[in-house]
$ cat start00.cif   # mmCIF, C-alpha atoms and all ligand atoms
data_query
#
loop_
_atom_site.label_atom_id
_atom_site.label_comp_id
_atom_site.auth_asym_id
_atom_site.auth_seq_id
_atom_site.Cartn_x
_atom_site.Cartn_y
_atom_site.Cartn_z
CA MET W 1412 -192.12 9.73 -93.26
CA PHE W 1413 -194.36 12.75 -93.40
CA TYR W 1414 -193.59 16.00 -95.12
CA ARG W 1415 -195.47 19.19 -95.71
CA ALA W 1416 -196.16 19.92 -99.35
CA ASP W 1417 -194.22 23.17 -99.11
CA GLU W 1418 -191.13 21.37 -97.76
CA ALA W 1419 -188.52 19.29 -99.57
CA HIS W 1420 -189.36 15.55 -99.63
CA GLY W 1421 -185.75 14.41 -99.76
CA LEU W 1422 -186.63 11.53 -102.08
CA ALA W 1423 -185.03 10.94 -105.48
CA HIS W 1424 -188.25 12.02 -107.24
CA ASN W 1425 -191.55 13.58 -106.29
CA PRO W 1426 -193.77 10.61 -105.27
CA PHE W 1427 -197.12 12.36 -105.93
CA LYS W 1428 -197.96 10.64 -109.22
CA ALA W 1429 -196.96 7.23 -107.83
CA ILE W 1430 -199.32 7.77 -104.86
CA VAL W 1431 -202.29 8.78 -107.03
CA ALA W 1432 -202.01 5.67 -109.17
CA PRO W 1433 -202.78 3.78 -111.27
CA ARG W 1434 -204.53 6.35 -113.43
CA PRO W 1435 -206.52 5.63 -116.58
CA ILE W 1436 -204.99 7.20 -119.66
CA GLY W 1437 -207.29 9.42 -121.68
CA TRP W 1438 -206.03 9.27 -125.24
CA ILE W 1439 -207.59 12.55 -126.29
CA SER W 1440 -208.38 13.26 -129.93
CA THR W 1441 -209.33 16.74 -131.05
CA ILE W 1442 -209.40 18.78 -134.24
CA SER W 1443 -207.96 22.23 -134.75
CA THR W 1444 -209.90 25.08 -136.32
CA ASP W 1445 -207.67 24.46 -139.39
CA GLY W 1446 -208.92 20.87 -139.56
CA ILE W 1447 -205.73 19.17 -138.26
CA ALA W 1448 -206.53 16.05 -136.22
CA ASN W 1449 -204.64 15.92 -132.92
CA LEU W 1450 -204.05 13.03 -130.54
CA ALA W 1451 -202.24 12.91 -127.17
CA PRO W 1452 -202.32 10.89 -123.94
CA TYR W 1453 -203.46 12.47 -120.66
CA SER W 1454 -203.20 10.55 -117.38
CA PHE W 1455 -204.70 13.42 -115.44
CA PHE W 1456 -207.93 12.04 -116.79
CA ASN W 1457 -211.03 10.56 -115.22
CA ALA W 1458 -214.81 10.26 -115.12
CA ILE W 1459 -216.46 12.82 -112.85
CA SER W 1460 -220.19 12.08 -113.32
CA ASP W 1461 -222.35 9.25 -114.70
CA THR W 1462 -225.66 11.14 -114.99
CA PRO W 1463 -224.94 12.78 -117.28
CA MET W 1464 -221.73 11.00 -118.23
CA MET W 1465 -218.85 13.45 -117.89
CA VAL W 1466 -215.06 13.14 -118.09
CA MET W 1467 -212.14 15.52 -117.60
CA PHE W 1468 -208.52 15.86 -118.59
CA ALA W 1469 -205.97 18.29 -117.20
CA SER W 1470 -203.33 19.93 -119.34
CA GLY W 1471 -200.10 21.39 -118.01
CA GLY W 1472 -200.49 24.75 -119.69
CA VAL W 1473 -202.67 25.11 -122.76
CA LYS W 1474 -201.35 22.36 -125.03
CA ASP W 1475 -202.83 21.57 -128.46
CA SER W 1476 -205.54 19.25 -127.06
CA ALA W 1477 -206.85 21.81 -124.57
CA ARG W 1478 -206.65 24.64 -127.09
CA ASN W 1479 -208.49 22.62 -129.75
CA ALA W 1480 -211.12 21.55 -127.22
CA GLN W 1481 -211.59 25.17 -126.21
CA GLU W 1482 -211.80 26.45 -129.79
CA THR W 1483 -214.00 23.69 -131.24
CA GLY W 1484 -215.97 22.74 -128.11
CA VAL W 1485 -215.35 19.00 -128.47
CA PHE W 1486 -212.92 16.19 -127.73
CA THR W 1487 -212.97 12.39 -127.77
CA TYR W 1488 -211.59 9.99 -125.17
CA ASN W 1489 -210.02 6.88 -126.69
CA PHE W 1490 -209.38 3.79 -124.53
CA VAL W 1491 -205.70 2.71 -124.40
CA SER W 1492 -205.05 -1.04 -124.47
CA HIS W 1493 -201.76 -2.57 -123.41
CA SER W 1494 -201.17 -3.48 -127.07
CA ALA W 1495 -201.39 0.24 -127.99
CA ARG W 1496 -198.85 1.41 -125.38
CA ASP W 1497 -196.00 2.13 -127.79
CA VAL W 1498 -198.08 3.96 -130.36
CA MET W 1499 -199.81 5.88 -127.54
CA ASN W 1500 -196.37 6.92 -126.34
CA VAL W 1501 -195.43 8.09 -129.86
CA THR W 1502 -198.43 10.43 -129.79
CA SER W 1503 -197.06 12.18 -126.69
CA ALA W 1504 -194.27 13.71 -128.79
CA PRO W 1505 -194.30 17.52 -128.70
CA ALA W 1506 -195.50 17.84 -132.30
CA PRO W 1507 -196.24 21.34 -133.62
CA PRO W 1508 -199.95 22.23 -133.96
CA ASN W 1509 -199.84 21.76 -137.77
CA GLN W 1510 -198.58 18.17 -137.43
CA SER W 1511 -201.17 15.45 -136.81
CA GLU W 1512 -200.09 12.78 -134.32
CA PHE W 1513 -202.39 10.37 -136.21
CA GLU W 1514 -199.99 10.75 -139.18
CA LEU W 1515 -196.90 10.79 -136.97
CA ALA W 1516 -197.91 7.48 -135.41
CA GLY W 1517 -199.40 5.98 -138.58
CA LEU W 1518 -202.72 5.51 -136.82
CA PRO W 1519 -205.96 5.14 -138.79
CA MET W 1520 -208.80 7.35 -137.61
CA VAL W 1521 -212.53 7.41 -138.22
CA ALA W 1522 -214.93 10.35 -138.17
CA GLY W 1523 -216.86 11.07 -135.01
CA GLU W 1524 -220.62 10.47 -135.01
CA THR W 1525 -221.68 13.31 -132.70
CA VAL W 1526 -218.56 15.50 -132.77
CA PRO W 1527 -216.43 16.90 -135.60
CA CYS W 1528 -213.19 15.41 -134.24
CA PRO W 1529 -212.08 11.88 -135.20
CA ARG W 1530 -211.41 8.90 -132.96
CA VAL W 1531 -208.73 6.25 -133.14
CA ARG W 1532 -210.10 3.48 -135.37
CA ASP W 1533 -208.88 0.38 -133.59
CA VAL W 1534 -209.62 1.11 -129.94
CA PRO W 1535 -212.05 -1.05 -127.93
CA ALA W 1536 -214.07 2.00 -126.86
CA ALA W 1537 -214.27 5.76 -127.21
CA LEU W 1538 -216.39 8.56 -125.73
CA GLU W 1539 -217.28 11.59 -127.82
CA CYS W 1540 -217.60 14.68 -125.65
CA GLN W 1541 -218.86 18.21 -125.81
CA VAL W 1542 -216.90 20.67 -123.65
CA THR W 1543 -218.92 22.06 -120.73
CA ASN W 1544 -216.28 23.84 -118.61
CA ILE W 1545 -212.64 24.81 -118.80
CA ILE W 1546 -211.26 25.60 -115.36
CA GLN W 1547 -207.92 26.86 -114.15
CA PRO W 1548 -207.98 25.77 -110.46
CA ASP W 1549 -207.22 28.23 -107.66
CA THR W 1550 -204.35 27.40 -105.31
CA ILE W 1551 -204.26 28.06 -101.56
CA SER W 1552 -201.61 30.73 -102.10
CA GLY W 1553 -204.11 32.70 -104.15
CA ASP W 1554 -202.49 31.98 -107.53
CA LYS W 1555 -203.90 29.90 -110.34
CA ALA W 1556 -202.66 26.35 -110.91
CA ALA W 1557 -200.48 25.82 -113.97
CA TYR W 1558 -202.99 23.22 -115.20
CA VAL W 1559 -206.15 23.73 -117.21
CA VAL W 1560 -208.98 21.25 -116.56
CA VAL W 1561 -211.16 20.49 -119.57
CA ILE W 1562 -214.53 18.93 -118.68
CA GLY W 1563 -216.81 17.39 -121.26
CA GLU W 1564 -220.22 15.72 -121.33
CA VAL W 1565 -220.39 12.49 -123.28
CA THR W 1566 -222.54 12.74 -126.42
CA GLY W 1567 -221.66 9.44 -128.12
CA ILE W 1568 -220.26 6.10 -127.03
CA PHE W 1569 -218.38 3.74 -129.34
CA ILE W 1570 -217.78 0.14 -128.27
CA ASP W 1571 -216.18 -2.39 -130.59
CA ASP W 1572 -218.72 -5.25 -130.75
CA ASN W 1573 -215.86 -7.72 -130.22
CA HIS W 1574 -215.43 -6.23 -126.77
CA ILE W 1575 -219.00 -6.86 -125.62
CA ALA W 1576 -219.57 -10.14 -123.76
CA ASP W 1577 -222.68 -11.11 -121.77
CA GLY W 1578 -224.05 -7.58 -122.19
CA ARG W 1579 -220.96 -6.00 -120.59
CA PHE W 1580 -217.93 -4.13 -121.88
CA ASP W 1581 -215.25 -6.80 -121.63
CA LEU W 1582 -212.63 -4.82 -119.74
CA ALA W 1583 -210.35 -7.81 -119.24
CA LYS W 1584 -210.21 -8.31 -123.00
CA ALA W 1585 -209.71 -4.57 -123.60
CA ASP W 1586 -206.63 -4.89 -121.35
CA PRO W 1587 -206.10 -1.27 -120.24
CA ILE W 1588 -202.64 0.17 -119.72
CA MET W 1589 -202.57 2.58 -116.78
CA ARG W 1590 -200.13 5.24 -115.74
CA ALA W 1591 -198.26 4.99 -112.47
CA GLY W 1592 -195.49 7.27 -111.17
CA TYR W 1593 -192.02 7.89 -112.56
CA ARG W 1594 -191.70 6.05 -115.88
CA ASP W 1595 -193.95 3.24 -114.67
CA TYR W 1596 -197.14 1.87 -116.15
CA MET W 1597 -199.49 -0.82 -114.83
CA ARG W 1598 -201.35 -3.56 -116.59
CA GLY W 1599 -204.68 -4.79 -115.20
CA GLY W 1600 -204.58 -7.76 -112.90
CA LYS W 1601 -207.43 -10.02 -111.81
CA MET W 1602 -210.91 -8.53 -111.60
CA LEU W 1603 -213.04 -9.15 -108.52
CA GLU W 1604 -216.63 -8.27 -107.67
CA LEU W 1605 -217.75 -6.55 -104.44
CA SER W 1606 -221.36 -5.69 -103.62
CA ARG W 1607 -222.04 -2.42 -101.83
CA PRO W 1608 -223.48 -2.55 -98.29
CA GLY W 1609 -227.26 -2.04 -98.31
CA GLY W 1610 -227.74 -2.80 -101.99
CA ASP W 1611 -225.83 -1.71 -105.00
CA PRO W 1612 -226.95 1.37 -106.95
CA ASN W 1613 -224.53 0.34 -109.67
CA GLY W 1614 -226.14 -3.05 -110.12
CA PRO W 1615 -226.14 -4.86 -113.43
CA LYS W 1616 -228.90 -2.78 -115.08
CA ARG W 1617 -227.12 0.59 -114.93
C1 LIG K 1701 -198.98 8.30 -120.54
C2 LIG K 1701 -198.86 9.79 -120.65
C3 LIG K 1701 -199.70 10.59 -119.89
C4 LIG K 1701 -199.62 11.99 -119.98
N1 LIG K 1701 -200.48 12.75 -119.22
C5 LIG K 1701 -200.44 14.09 -119.31
C6 LIG K 1701 -201.36 14.89 -118.56
O1 LIG K 1701 -202.19 14.39 -117.81
N2 LIG K 1701 -201.29 16.24 -118.72
C7 LIG K 1701 -200.38 16.84 -119.54
O2 LIG K 1701 -200.37 18.06 -119.64
N3 LIG K 1701 -199.51 16.09 -120.28
C8 LIG K 1701 -199.53 14.75 -120.20
N4 LIG K 1701 -198.67 13.98 -120.95
C9 LIG K 1701 -197.80 14.66 -121.92
C10 LIG K 1701 -198.57 15.03 -123.19
O3 LIG K 1701 -199.10 13.86 -123.81
C11 LIG K 1701 -197.62 15.74 -124.18
O4 LIG K 1701 -197.22 16.98 -123.63
C12 LIG K 1701 -198.24 15.95 -125.55
O5 LIG K 1701 -197.26 16.46 -126.43
C13 LIG K 1701 -199.40 16.93 -125.53
O6 LIG K 1701 -199.91 16.94 -126.84
P1 LIG K 1701 -200.87 18.06 -127.41
O7 LIG K 1701 -200.07 19.37 -127.40
O8 LIG K 1701 -201.13 17.58 -128.82
O9 LIG K 1701 -202.10 18.12 -126.57
C14 LIG K 1701 -198.68 12.59 -120.86
C15 LIG K 1701 -197.82 11.78 -121.60
C16 LIG K 1701 -197.90 10.40 -121.49
C17 LIG K 1701 -196.96 9.53 -122.30
#

$ encode --input "start00.cif" --output "structure tokens"
Amino acid sequence: MFYRADEAHGLAHNPFKAIVAPRPIGWISTISTDGIANLAPYSFFNAISDTPMMVMFASGGVKDSARNAQETGVFTYNFVSHSARDVMNVTSAPAPPNQSEFELAGLPMVAGETVPCPRVRDVPAALECQVTNIIQPDTISGDKAAYVVVIGEVTGIFIDDNHIADGRFDLAKADPIMRAGYRDYMRGGKMLELSRPGGDPNGPKR
């Protein structure tokens, strides 16, 4: 089948998020200007630069995470393991801004090193970020998208020492849970190595 984006697809559900999949889940922690710690999952999340290291998440409207990031200038990405899937899901509840999802989910947190917002204590890795841009994308019809893209530069990297093996972050052990379409998630399968043609700029040293 082929359909134009402005036409009906005729399927039971919009397939878009199943086509752009699997997506890493950014478990985004922030702090409000009142000092309330906030935590929520964002699968419109990814890395966009490695020098400097930068990540983004996109919020459908200005939710608590995006508003906190805008007002405080910081957020932290927490890695989501398969074992954390249920508690991650709990933190997606539409809690009011004065309710911390850390409390709601009974999740211990620890203070950030380079940012004033906390991170989830028991994750394999986390990236502390300083906000660089907040963008509301233009659409081809001349309107603004309903999403707000929050971009941050990484200022601090936490890795649980138990997840470092042979000088590498042990991704297989960290066992990421990824978002697919519909209500589906994916769990990592077998890893494989591929070298880039003409030498690999992402060789072992980087
Ligand atoms: C796995 C998962 C991924 C999600 N990804 C997004 C996303 O990319 N953008 C978004 O706006 N909401 C997303 N949501 C919904 C938010 O987590 C939810 O609206 C949450 O209440 C927002 O919390 P906040 O207001 O504290 O930021 C996702 C939910 C789940 C369970």

$ residues_around --input "start00.cif" --residues "W:Asn1509" --least-positions-apart "6" --cutoff "12 Å" --atoms "all atoms listed in the file" --output "count of residues only"
11

$ residues_near_ligand --input "start00.cif" --ligand "ligand LIG 1701 (chain K)" --cutoff "6 Å" --atoms "only C-alpha atoms and all ligand atoms" --output "PyMOL selection string"
chain W and resi 1449-1455+1469-1471+1474-1476+1500+1503-1505+1590

$ closest_residue --input "start00.cif" --among "W:Ala1423, W:Met1589, W:Ile1430, W:Val1485" --to "W:Val1542" --atoms "only C-alpha atoms"
W:Val1485

$ closest_residue --input "start00.cif" --among "W:Pro1519, W:Gly1609, W:Pro1535, W:Gly1592" --to "W:Lys1428" --atoms "all atoms listed in the file"
W:Gly1592

$ residues_around --input "start00.cif" --residues "W:Pro1527" --least-positions-apart "4" --cutoff "9 Å" --atoms "all atoms listed in the file" --output "list in words"
Thr1441, Ile1442, Thr1483, Val1485, Phe1486, Ala1522 and Gly1523 of chain W

$ closest_atom_pairs --input "start00.cif" --of "stretch 1445-1500 of chain W" --to "stretch 1551-1568 of chain W" --cutoff "10 Å" --atoms "only C-alpha atoms" --output "tab-separated table"
residue	atom	partner	partner_atom	distance
W:Phe1455	CA	W:Val1560	CA	9.0
W:Phe1456	CA	W:Val1560	CA	9.3
W:Asn1457	CA	W:Ile1562	CA	9.7
W:Ala1458	CA	W:Ile1562	CA	9.4
W:Ile1459	CA	W:Ile1562	CA	8.7
W:Ser1460	CA	W:Glu1564	CA	8.8
W:Asp1461	CA	W:Val1565	CA	9.4
W:Thr1462	CA	W:Glu1564	CA	9.5
W:Pro1463	CA	W:Glu1564	CA	6.9
W:Met1464	CA	W:Val1565	CA	5.4
W:Met1465	CA	W:Glu1564	CA	4.3
W:Val1466	CA	W:Gly1563	CA	5.6
W:Met1467	CA	W:Ile1562	CA	4.3
W:Phe1468	CA	W:Val1561	CA	5.4
W:Ala1469	CA	W:Val1560	CA	4.3
W:Ser1470	CA	W:Val1559	CA	5.2
W:Gly1471	CA	W:Tyr1558	CA	4.4
W:Gly1472	CA	W:Tyr1558	CA	5.4
W:Val1473	CA	W:Val1559	CA	6.7
W:Lys1474	CA	W:Val1559	CA	9.3
W:Ser1476	CA	W:Val1561	CA	9.4
W:Ala1477	CA	W:Val1561	CA	6.7
W:Arg1478	CA	W:Val1561	CA	9.7
W:Ala1480	CA	W:Val1561	CA	7.7
W:Gln1481	CA	W:Val1561	CA	8.1
W:Gly1484	CA	W:Gly1563	CA	8.7
W:Val1485	CA	W:Gly1563	CA	7.5
W:Phe1486	CA	W:Gly1563	CA	7.6
W:Thr1487	CA	W:Val1565	CA	8.7
W:Tyr1488	CA	W:Val1565	CA	9.3

$ atom_distance --input "start00.cif" --atom1 "atom CA of W:Asp1533" --atom2 "atom CA of W:Gln1510"
20.9 Å

$ closest_residue --input "start00.cif" --among "W:Val1491, W:Val1431, W:Leu1422, W:Val1531" --to "W:Gly1599" --atoms "all atoms listed in the file"
W:Val1491

$ atom_distance --input "start00.cif" --atom1 "atom CA of W:Arg1530" --atom2 "atom CA of W:Ile1588"
18.1 Å

$ atom_distance --input "start00.cif" --atom1 "atom CA of W:Asn1425" --atom2 "atom CA of W:Asp1497"
24.8 Å

$ residues_around --input "start00.cif" --residues "W:Leu1582" --least-positions-apart "5" --cutoff "12 Å" --atoms "all atoms listed in the file" --output "MDAnalysis selection string"
chainID W and resid 1490:1493 1535:1536 1570:1571 1573:1576 1587:1588 1598:1602

$ build_atoms --input "start00.cif" --residues "stretch 1484-1512 of chain W" --atoms "N, CA and C atoms" --output "PDB file, in the frame of the given file"
ATOM      1  N   GLY W1484    -214.914  23.158-129.030  1.00  0.00           N
ATOM      2  CA  GLY W1484    -215.970  22.740-128.110  1.00  0.00           C
ATOM      3  C   GLY W1484    -216.149  21.241-128.000  1.00  0.00           C
ATOM      4  N   VAL W1485    -215.203  20.466-128.514  1.00  0.00           N
ATOM      5  CA  VAL W1485    -215.350  19.000-128.470  1.00  0.00           C
ATOM      6  C   VAL W1485    -214.007  18.309-128.267  1.00  0.00           C
ATOM      7  N   PHE W1486    -214.076  17.091-127.743  1.00  0.00           N
ATOM      8  CA  PHE W1486    -212.920  16.190-127.730  1.00  0.00           C
ATOM      9  C   PHE W1486    -213.451  14.760-127.620  1.00  0.00           C
ATOM     10  N   THR W1487    -212.585  13.801-127.908  1.00  0.00           N
ATOM     11  CA  THR W1487    -212.970  12.390-127.770  1.00  0.00           C
ATOM     12  C   THR W1487    -211.943  11.663-126.929  1.00  0.00           C
ATOM     13  N   TYR W1488    -212.447  10.869-125.974  1.00  0.00           N
ATOM     14  CA  TYR W1488    -211.590   9.990-125.170  1.00  0.00           C
ATOM     15  C   TYR W1488    -211.486   8.643-125.875  1.00  0.00           C
ATOM     16  N   ASN W1489    -210.251   8.205-126.111  1.00  0.00           N
ATOM     17  CA  ASN W1489    -210.020   6.880-126.690  1.00  0.00           C
ATOM     18  C   ASN W1489    -209.380   5.993-125.627  1.00  0.00           C
ATOM     19  N   PHE W1490    -209.880   4.781-125.496  1.00  0.00           N
ATOM     20  CA  PHE W1490    -209.380   3.790-124.530  1.00  0.00           C
ATOM     21  C   PHE W1490    -207.988   3.326-124.984  1.00  0.00           C
ATOM     22  N   VAL W1491    -207.051   3.181-124.036  1.00  0.00           N
ATOM     23  CA  VAL W1491    -205.700   2.710-124.400  1.00  0.00           C
ATOM     24  C   VAL W1491    -205.485   1.290-123.889  1.00  0.00           C
ATOM     25  N   SER W1492    -205.365   0.353-124.815  1.00  0.00           N
ATOM     26  CA  SER W1492    -205.050  -1.040-124.470  1.00  0.00           C
ATOM     27  C   SER W1492    -203.552  -1.210-124.302  1.00  0.00           C
ATOM     28  N   HIS W1493    -203.181  -2.241-123.581  1.00  0.00           N
ATOM     29  CA  HIS W1493    -201.760  -2.570-123.410  1.00  0.00           C
ATOM     30  C   HIS W1493    -201.072  -2.698-124.776  1.00  0.00           C
ATOM     31  N   SER W1494    -201.765  -3.280-125.741  1.00  0.00           N
ATOM     32  CA  SER W1494    -201.170  -3.480-127.070  1.00  0.00           C
ATOM     33  C   SER W1494    -200.914  -2.159-127.789  1.00  0.00           C
ATOM     34  N   ALA W1495    -201.550  -1.067-127.340  1.00  0.00           N
ATOM     35  CA  ALA W1495    -201.390   0.240-127.990  1.00  0.00           C
ATOM     36  C   ALA W1495    -200.382   1.123-127.263  1.00  0.00           C
ATOM     37  N   ARG W1496    -199.685   0.543-126.244  1.00  0.00           N
ATOM     38  CA  ARG W1496    -198.850   1.410-125.380  1.00  0.00           C
ATOM     39  C   ARG W1496    -197.758   2.147-126.157  1.00  0.00           C
ATOM     40  N   ASP W1497    -197.116   1.468-127.100  1.00  0.00           N
ATOM     41  CA  ASP W1497    -196.000   2.130-127.790  1.00  0.00           C
ATOM     42  C   ASP W1497    -196.498   3.239-128.715  1.00  0.00           C
ATOM     43  N   VAL W1498    -197.560   2.950-129.426  1.00  0.00           N
ATOM     44  CA  VAL W1498    -198.080   3.960-130.360  1.00  0.00           C
ATOM     45  C   VAL W1498    -198.703   5.128-129.572  1.00  0.00           C
ATOM     46  N   MET W1499    -199.306   4.809-128.422  1.00  0.00           N
ATOM     47  CA  MET W1499    -199.810   5.880-127.540  1.00  0.00           C
ATOM     48  C   MET W1499    -198.653   6.787-127.119  1.00  0.00           C
ATOM     49  N   ASN W1500    -197.540   6.157-126.790  1.00  0.00           N
ATOM     50  CA  ASN W1500    -196.370   6.920-126.340  1.00  0.00           C
ATOM     51  C   ASN W1500    -195.849   7.814-127.479  1.00  0.00           C
ATOM     52  N   VAL W1501    -195.865   7.291-128.700  1.00  0.00           N
ATOM     53  CA  VAL W1501    -195.430   8.090-129.860  1.00  0.00           C
ATOM     54  C   VAL W1501    -196.260   9.377-129.960  1.00  0.00           C
ATOM     55  N   THR W1502    -197.557   9.263-129.652  1.00  0.00           N
ATOM     56  CA  THR W1502    -198.430  10.430-129.790  1.00  0.00           C
ATOM     57  C   THR W1502    -198.238  11.473-128.684  1.00  0.00           C
ATOM     58  N   SER W1503    -197.353  11.169-127.722  1.00  0.00           N
ATOM     59  CA  SER W1503    -197.060  12.180-126.690  1.00  0.00           C
ATOM     60  C   SER W1503    -195.921  13.099-127.108  1.00  0.00           C
ATOM     61  N   ALA W1504    -195.372  12.866-128.301  1.00  0.00           N
ATOM     62  CA  ALA W1504    -194.270  13.710-128.790  1.00  0.00           C
ATOM     63  C   ALA W1504    -194.756  15.164-128.908  1.00  0.00           C
ATOM     64  N   PRO W1505    -193.887  16.117-128.605  1.00  0.00           N
ATOM     65  CA  PRO W1505    -194.300  17.520-128.700  1.00  0.00           C
ATOM     66  C   PRO W1505    -194.375  18.005-130.150  1.00  0.00           C
ATOM     67  N   ALA W1506    -195.351  17.481-130.878  1.00  0.00           N
ATOM     68  CA  ALA W1506    -195.500  17.840-132.300  1.00  0.00           C
ATOM     69  C   ALA W1506    -196.075  19.249-132.414  1.00  0.00           C
ATOM     70  N   PRO W1507    -195.665  20.000-133.425  1.00  0.00           N
ATOM     71  CA  PRO W1507    -196.240  21.340-133.620  1.00  0.00           C
ATOM     72  C   PRO W1507    -197.728  21.228-133.989  1.00  0.00           C
ATOM     73  N   PRO W1508    -198.502  22.304-133.751  1.00  0.00           N
ATOM     74  CA  PRO W1508    -199.950  22.230-133.960  1.00  0.00           C
ATOM     75  C   PRO W1508    -200.352  21.834-135.392  1.00  0.00           C
ATOM     76  N   ASN W1509    -199.468  22.103-136.389  1.00  0.00           N
ATOM     77  CA  ASN W1509    -199.840  21.760-137.770  1.00  0.00           C
ATOM     78  C   ASN W1509    -199.452  20.331-138.153  1.00  0.00           C
ATOM     79  N   GLN W1510    -198.951  19.573-137.173  1.00  0.00           N
ATOM     80  CA  GLN W1510    -198.580  18.170-137.430  1.00  0.00           C
ATOM     81  C   GLN W1510    -199.551  17.254-136.694  1.00  0.00           C
ATOM     82  N   SER W1511    -200.231  16.371-137.445  1.00  0.00           N
ATOM     83  CA  SER W1511    -201.170  15.450-136.810  1.00  0.00           C
ATOM     84  C   SER W1511    -200.434  14.258-136.214  1.00  0.00           C
ATOM     85  N   GLU W1512    -200.700  13.961-134.946  1.00  0.00           N
ATOM     86  CA  GLU W1512    -200.090  12.780-134.320  1.00  0.00           C
ATOM     87  C   GLU W1512    -200.671  11.492-134.903  1.00  0.00           C
TER      88      GLU W1512
END
